[in-house]
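This is entry07.cif. It holds mmCIF, C-alpha atoms.
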data_data
loop_
_atom_site.group_PDB
_atom_site.id
_atom_site.type_symbol
_atom_site.label_atom_id
_atom_site.label_comp_id
_atom_site.auth_asym_id
_atom_site.auth_seq_id
_atom_site.Cartn_x
_atom_site.Cartn_y
_atom_site.Cartn_z
ATOM 1 C CA MET A 1 7.421 31.429 -30.389
ATOM 2 C CA LYS A 2 9.514 28.524 -29.131
ATOM 3 C CA GLN A 3 9.997 30.196 -25.729
ATOM 4 C CA LYS A 4 6.253 30.877 -25.388
ATOM 5 C CA LYS A 5 5.429 27.252 -26.232
ATOM 6 C CA LEU A 6 7.914 25.960 -23.619
ATOM 7 C CA PHE A 7 6.403 28.329 -21.029
ATOM 8 C CA SER A 8 2.907 27.023 -21.811
ATOM 9 C CA ILE A 9 3.990 23.391 -21.507
ATOM 10 C CA GLY A 10 5.813 24.158 -18.249
ATOM 11 C CA SER A 11 2.747 25.938 -16.872
ATOM 12 C CA LEU A 12 0.541 23.007 -17.817
ATOM 13 C CA LEU A 13 2.883 20.525 -16.113
ATOM 14 C CA LEU A 14 3.100 22.652 -12.975
ATOM 15 C CA THR A 15 -0.684 23.080 -12.833
ATOM 16 C CA SER A 16 -1.195 19.338 -13.311
ATOM 17 C CA SER A 17 1.275 18.420 -10.586
ATOM 18 C CA LEU A 18 -0.297 20.899 -8.164
ATOM 19 C CA LEU A 19 -3.773 19.615 -8.956
ATOM 20 C CA PHE A 20 -2.893 15.940 -8.475
ATOM 21 C CA GLY A 21 -0.661 16.687 -5.490
ATOM 22 C CA GLY A 22 -3.542 18.574 -3.907
ATOM 23 C CA MET A 23 -5.895 15.659 -4.510
ATOM 24 C CA ALA A 24 -3.503 13.239 -2.847
ATOM 25 C CA ALA A 25 -3.029 15.563 0.101
ATOM 26 C CA ALA A 26 -6.776 16.112 0.346
ATOM 27 C CA SER A 27 -7.282 12.392 0.777
ATOM 28 C CA GLY A 28 -5.357 12.489 4.063
ATOM 29 C CA PHE A 29 -2.905 9.667 3.278
ATOM 30 C CA TYR A 30 0.702 10.781 2.948
ATOM 31 C CA GLY A 31 2.575 7.470 2.780
ATOM 32 C CA TRP A 32 3.962 4.639 4.842
ATOM 33 C CA PRO A 33 6.613 5.019 7.566
ATOM 34 C CA THR A 34 9.662 2.803 7.967
ATOM 35 C CA LEU A 35 8.738 -0.144 10.190
ATOM 36 C CA THR A 36 11.000 -2.635 11.962
ATOM 37 C CA GLN A 37 10.546 -5.505 14.381
ATOM 38 C CA GLY A 38 9.158 -4.048 17.597
ATOM 39 C CA SER A 39 7.035 -1.418 15.798
ATOM 40 C CA SER A 40 3.342 -1.428 16.584
ATOM 41 C CA GLY A 41 0.113 0.264 15.618
ATOM 42 C CA GLY A 42 -2.057 0.842 12.601
ATOM 43 C CA TYR A 43 0.698 1.053 10.007
ATOM 44 C CA VAL A 44 1.927 -2.377 11.102
ATOM 45 C CA ARG A 45 -1.639 -3.664 10.538
ATOM 46 C CA GLY A 46 -1.373 -2.253 6.996
ATOM 47 C CA LEU A 47 1.952 -4.013 6.482
ATOM 48 C CA GLN A 48 0.511 -7.266 7.811
ATOM 49 C CA ALA A 49 -2.534 -6.930 5.529
ATOM 50 C CA ASN A 50 -0.265 -6.346 2.527
ATOM 51 C CA LEU A 51 1.794 -9.394 3.461
ATOM 52 C CA TYR A 52 -1.398 -11.476 3.252
ATOM 53 C CA SER A 53 -1.617 -10.294 -0.371
ATOM 54 C CA PHE A 54 1.942 -11.525 -0.864
ATOM 55 C CA GLY A 55 1.062 -15.024 0.378
ATOM 56 C CA GLN A 56 2.600 -14.632 3.830
ATOM 57 C CA GLN A 57 -0.507 -15.136 5.993
ATOM 58 C CA SER A 58 0.879 -18.294 7.628
ATOM 59 C CA ASN A 59 3.948 -16.362 8.818
ATOM 60 C CA VAL A 60 2.107 -13.189 9.814
ATOM 61 C CA GLY A 61 -0.717 -14.945 11.661
ATOM 62 C CA SER A 62 -3.324 -12.514 12.945
ATOM 63 C CA ILE A 63 -3.426 -8.849 11.985
ATOM 64 C CA ASP A 64 -2.645 -7.527 15.452
ATOM 65 C CA GLY A 65 -0.532 -4.423 14.779
ATOM 66 C CA ASN A 66 2.559 -5.897 16.449
ATOM 67 C CA PHE A 67 5.651 -6.333 14.284
ATOM 68 C CA GLY A 68 6.948 -9.573 15.753
ATOM 69 C CA SER A 69 9.071 -12.399 14.425
ATOM 70 C CA GLY A 70 6.274 -13.814 12.222
ATOM 71 C CA THR A 71 5.741 -10.465 10.496
ATOM 72 C CA ARG A 72 9.508 -10.114 10.053
ATOM 73 C CA THR A 73 9.754 -13.611 8.524
ATOM 74 C CA GLY A 74 6.844 -12.855 6.178
ATOM 75 C CA LEU A 75 8.446 -9.555 5.186
ATOM 76 C CA ILE A 76 11.814 -11.193 4.485
ATOM 77 C CA ASN A 77 10.075 -13.833 2.342
ATOM 78 C CA MET A 78 8.216 -11.112 0.432
ATOM 79 C CA GLN A 79 11.438 -9.129 -0.070
ATOM 80 C CA ASN A 80 13.251 -12.244 -1.331
ATOM 81 C CA SER A 81 10.471 -13.147 -3.759
ATOM 82 C CA THR A 82 10.338 -9.638 -5.251
ATOM 83 C CA GLY A 83 14.108 -9.160 -5.598
ATOM 84 C CA LEU A 84 14.574 -6.719 -2.732
ATOM 85 C CA THR A 85 17.318 -6.782 -0.135
ATOM 86 C CA ALA A 86 15.832 -9.094 2.485
ATOM 87 C CA ASP A 87 16.545 -7.079 5.623
ATOM 88 C CA GLY A 88 13.169 -7.400 7.370
ATOM 89 C CA ILE A 89 12.702 -3.622 7.356
ATOM 90 C CA ALA A 90 9.663 -2.111 5.661
ATOM 91 C CA GLY A 91 11.270 1.003 4.204
ATOM 92 C CA SER A 92 10.619 3.029 1.069
ATOM 93 C CA GLY A 93 11.887 0.300 -1.291
ATOM 94 C CA THR A 94 9.542 -2.275 0.221
ATOM 95 C CA TRP A 95 6.545 0.082 0.203
ATOM 96 C CA ASN A 96 7.291 1.119 -3.401
ATOM 97 C CA THR A 97 7.420 -2.535 -4.463
ATOM 98 C CA MET A 98 4.116 -3.211 -2.708
ATOM 99 C CA ASN A 99 2.699 -0.122 -4.411
ATOM 100 C CA ASN A 100 3.682 -1.593 -7.798
ATOM 101 C CA TYR A 101 1.058 -4.286 -7.177
ATOM 102 C CA SER A 102 -1.642 -1.731 -6.357
ATOM 103 C CA ILE A 103 -4.585 -1.162 -8.631
ATOM 104 C CA PHE A 104 -5.860 2.361 -8.069
ATOM 105 C CA GLU A 105 -9.602 2.692 -8.552
ATOM 106 C CA THR A 106 -9.549 6.344 -7.431
ATOM 107 C CA GLU A 107 -7.171 8.399 -5.317
ATOM 108 C CA TYR A 108 -9.225 7.212 -2.326
ATOM 109 C CA ASN A 109 -9.497 3.479 -3.123
ATOM 110 C CA TRP A 110 -6.914 0.936 -4.157
ATOM 111 C CA VAL A 111 -6.333 -2.821 -4.097
ATOM 112 C CA VAL A 112 -3.074 -4.705 -3.535
ATOM 113 C CA HIS A 113 -3.380 -7.704 -5.860
ATOM 114 C CA THR A 114 -0.343 -9.943 -6.453
ATOM 115 C CA PRO A 115 0.422 -13.280 -8.087
ATOM 116 C CA TYR A 116 2.121 -14.336 -4.825
ATOM 117 C CA SER A 117 -1.207 -15.165 -3.157
ATOM 118 C CA THR A 118 -3.931 -17.151 -4.850
ATOM 119 C CA THR A 119 -6.188 -16.551 -1.857
ATOM 120 C CA TYR A 120 -6.022 -12.926 -0.645
ATOM 121 C CA GLN A 121 -5.956 -9.343 -1.840
ATOM 122 C CA THR A 122 -6.066 -6.202 0.283
ATOM 123 C CA SER A 123 -8.339 -3.243 -0.405
ATOM 124 C CA TYR A 124 -7.882 0.262 1.041
ATOM 125 C CA PHE A 125 -10.312 3.133 1.457
ATOM 126 C CA ASP A 126 -9.140 6.602 2.467
ATOM 127 C CA SER A 127 -11.968 8.790 3.806
ATOM 128 C CA GLY A 128 -9.657 11.735 4.465
ATOM 129 C CA SER A 129 -9.819 11.276 8.229
ATOM 130 C CA SER A 130 -9.172 7.521 8.334
ATOM 131 C CA LEU A 131 -7.568 4.811 6.228
ATOM 132 C CA GLN A 132 -9.332 1.438 6.316
ATOM 133 C CA TYR A 133 -8.041 -1.897 5.034
ATOM 134 C CA ARG A 134 -9.993 -4.998 4.069
ATOM 135 C CA ILE A 135 -8.421 -8.391 3.435
ATOM 136 C CA MET A 136 -10.624 -10.155 0.899
ATOM 137 C CA TYR A 137 -10.771 -13.499 -0.829
ATOM 138 C CA LYS A 138 -9.655 -13.010 -4.432
ATOM 139 C CA ASN A 139 -12.259 -15.297 -5.943
ATOM 140 C CA THR A 140 -15.325 -13.824 -4.188
ATOM 141 C CA SER A 141 -14.212 -10.387 -2.894
ATOM 142 C CA THR A 142 -15.679 -11.430 0.459
ATOM 143 C CA THR A 143 -14.073 -9.555 3.354
ATOM 144 C CA VAL A 144 -12.107 -11.837 5.672
ATOM 145 C CA GLN A 145 -10.911 -9.144 8.039
ATOM 146 C CA SER A 146 -10.954 -5.360 8.171
ATOM 147 C CA GLY A 147 -9.644 -2.596 10.361
ATOM 148 C CA TYR A 148 -8.101 0.842 10.462
ATOM 149 C CA ILE A 149 -4.581 2.062 9.819
ATOM 150 C CA TYR A 150 -5.519 5.407 11.430
#

Let me see whether you can do it: turn the structure in this file into structure tokens.
Amino acid sequence: MKQKKLFSIGSLLLTSSLLFGGMAAASGFYGWPTLTQGSSGGYVRGLQANLYSFGQQSNVGSIDGNFGSGTRTGLINMQNSTGLTADGIAGSGTWNTMNNYSIFETEYNWVVHTPYSTTYQTSYFDSGSSLQYRIMYKNTSTTVQSGYIY
């Protein structure tokens, strides 16, 4: 009986992980790449948007998709304030820390909301074929800027 019960629990866990893994894969978003100064493109726009949510908008400047010195300074400040190694590289540790401040509404929508910015939060919507960000004012949820990661 004990062996049958363990098999049932194992089957349930496997089924659950396949179901939720399939839902995440169905959404089209598979995670963030490692980014360094000199990187460019949509994922850098996502990093810059997240840095607004961490109170680094004055360092980042405009969301332009270019990982320059301002983005690097903002990232180092964010890493310092959250206890990470401040190397200016957006790797898995940095993305995981940013993810810890995410509020998931569904597997397709989430908001990065931190105590480090009293002004901004960043909202994401994954349509399956594109990932859109919106930087919003915290107090009114009014969109300040929006764009696409991909």

Apply the PyMOL selection byres ((chain A and resi 39-45) around 7) to the structure shown and report the selected residues as a tab-separated table (two decimals) with C-alpha atoms, keeping the file's coordinate frame.
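Contents of the output file result_7.tsv:
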chain	number	residue	atom	x	y	z
A	35	LEU	CA	8.74	-0.14	10.19
A	36	THR	CA	11.00	-2.64	11.96
A	37	GLN	CA	10.55	-5.50	14.38
A	38	GLY	CA	9.16	-4.05	17.60
A	46	GLY	CA	-1.37	-2.25	7.00
A	47	LEU	CA	1.95	-4.01	6.48
A	48	GLN	CA	0.51	-7.27	7.81
A	49	ALA	CA	-2.53	-6.93	5.53
A	63	ILE	CA	-3.43	-8.85	11.98
A	64	ASP	CA	-2.64	-7.53	15.45
A	65	GLY	CA	-0.53	-4.42	14.78
A	66	ASN	CA	2.56	-5.90	16.45
A	67	PHE	CA	5.65	-6.33	14.28
A	148	TYR	CA	-8.10	0.84	10.46
A	149	ILE	CA	-4.58	2.06	9.82
A	150	TYR	CA	-5.52	5.41	11.43

ask   = Counting all atoms listed in the file, which residues come within 8 Å of (-2.2, -8.1, -10.7), with the point read in the file's coordinates, and could you list them as a PyMOL selection string?
value = chain A and resi 101-103+112-115

request  = For A:Asn99, list every protein, DNA or RNA residue within 12 Å, evaluated using all atoms listed in the file, and leave out those in the same chain fewer than 5 positions away; present the list as a ChimeraX atom specification.
outcome  = /A:31-32,47,50,53-54,92-94,104,110-114,122,124

message = On this structure, the PyMOL selection byres ((chain A and resi 61) around 10) would catch which residues? List them as a list in words, sorted by chain and number.
response = Gln48, Tyr52, Gln56, Gln57, Ser58, Asn59, Val60, Ser62, Ile63, Asp64, Gly70, Thr71 and Gly74 of chain A

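Taking only C-alpha atoms into account, A:Tyr116 lies nearest to A:Asn80 out of the set A:Asn80, A:Thr73, A:Val144, A:Asp87.
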
Selection near A:Leu75, 8 Å with all atoms listed in the file, sequence-local residues under 6 positions removed, as a PDB file with C-alpha atoms, in the coordinates of the input:
ATOM      1  CA  LEU A  51       1.794  -9.394   3.461  1.00  0.00           C
ATOM      2  CA  GLN A  56       2.600 -14.632   3.830  1.00  0.00           C
ATOM      3  CA  ALA A  86      15.832  -9.094   2.485  1.00  0.00           C
ATOM      4  CA  GLY A  88      13.169  -7.400   7.370  1.00  0.00           C
ATOM      5  CA  ILE A  89      12.702  -3.622   7.356  1.00  0.00           C
ATOM      6  CA  ALA A  90       9.663  -2.111   5.661  1.00  0.00           C
TER       7      ALA A  90
END
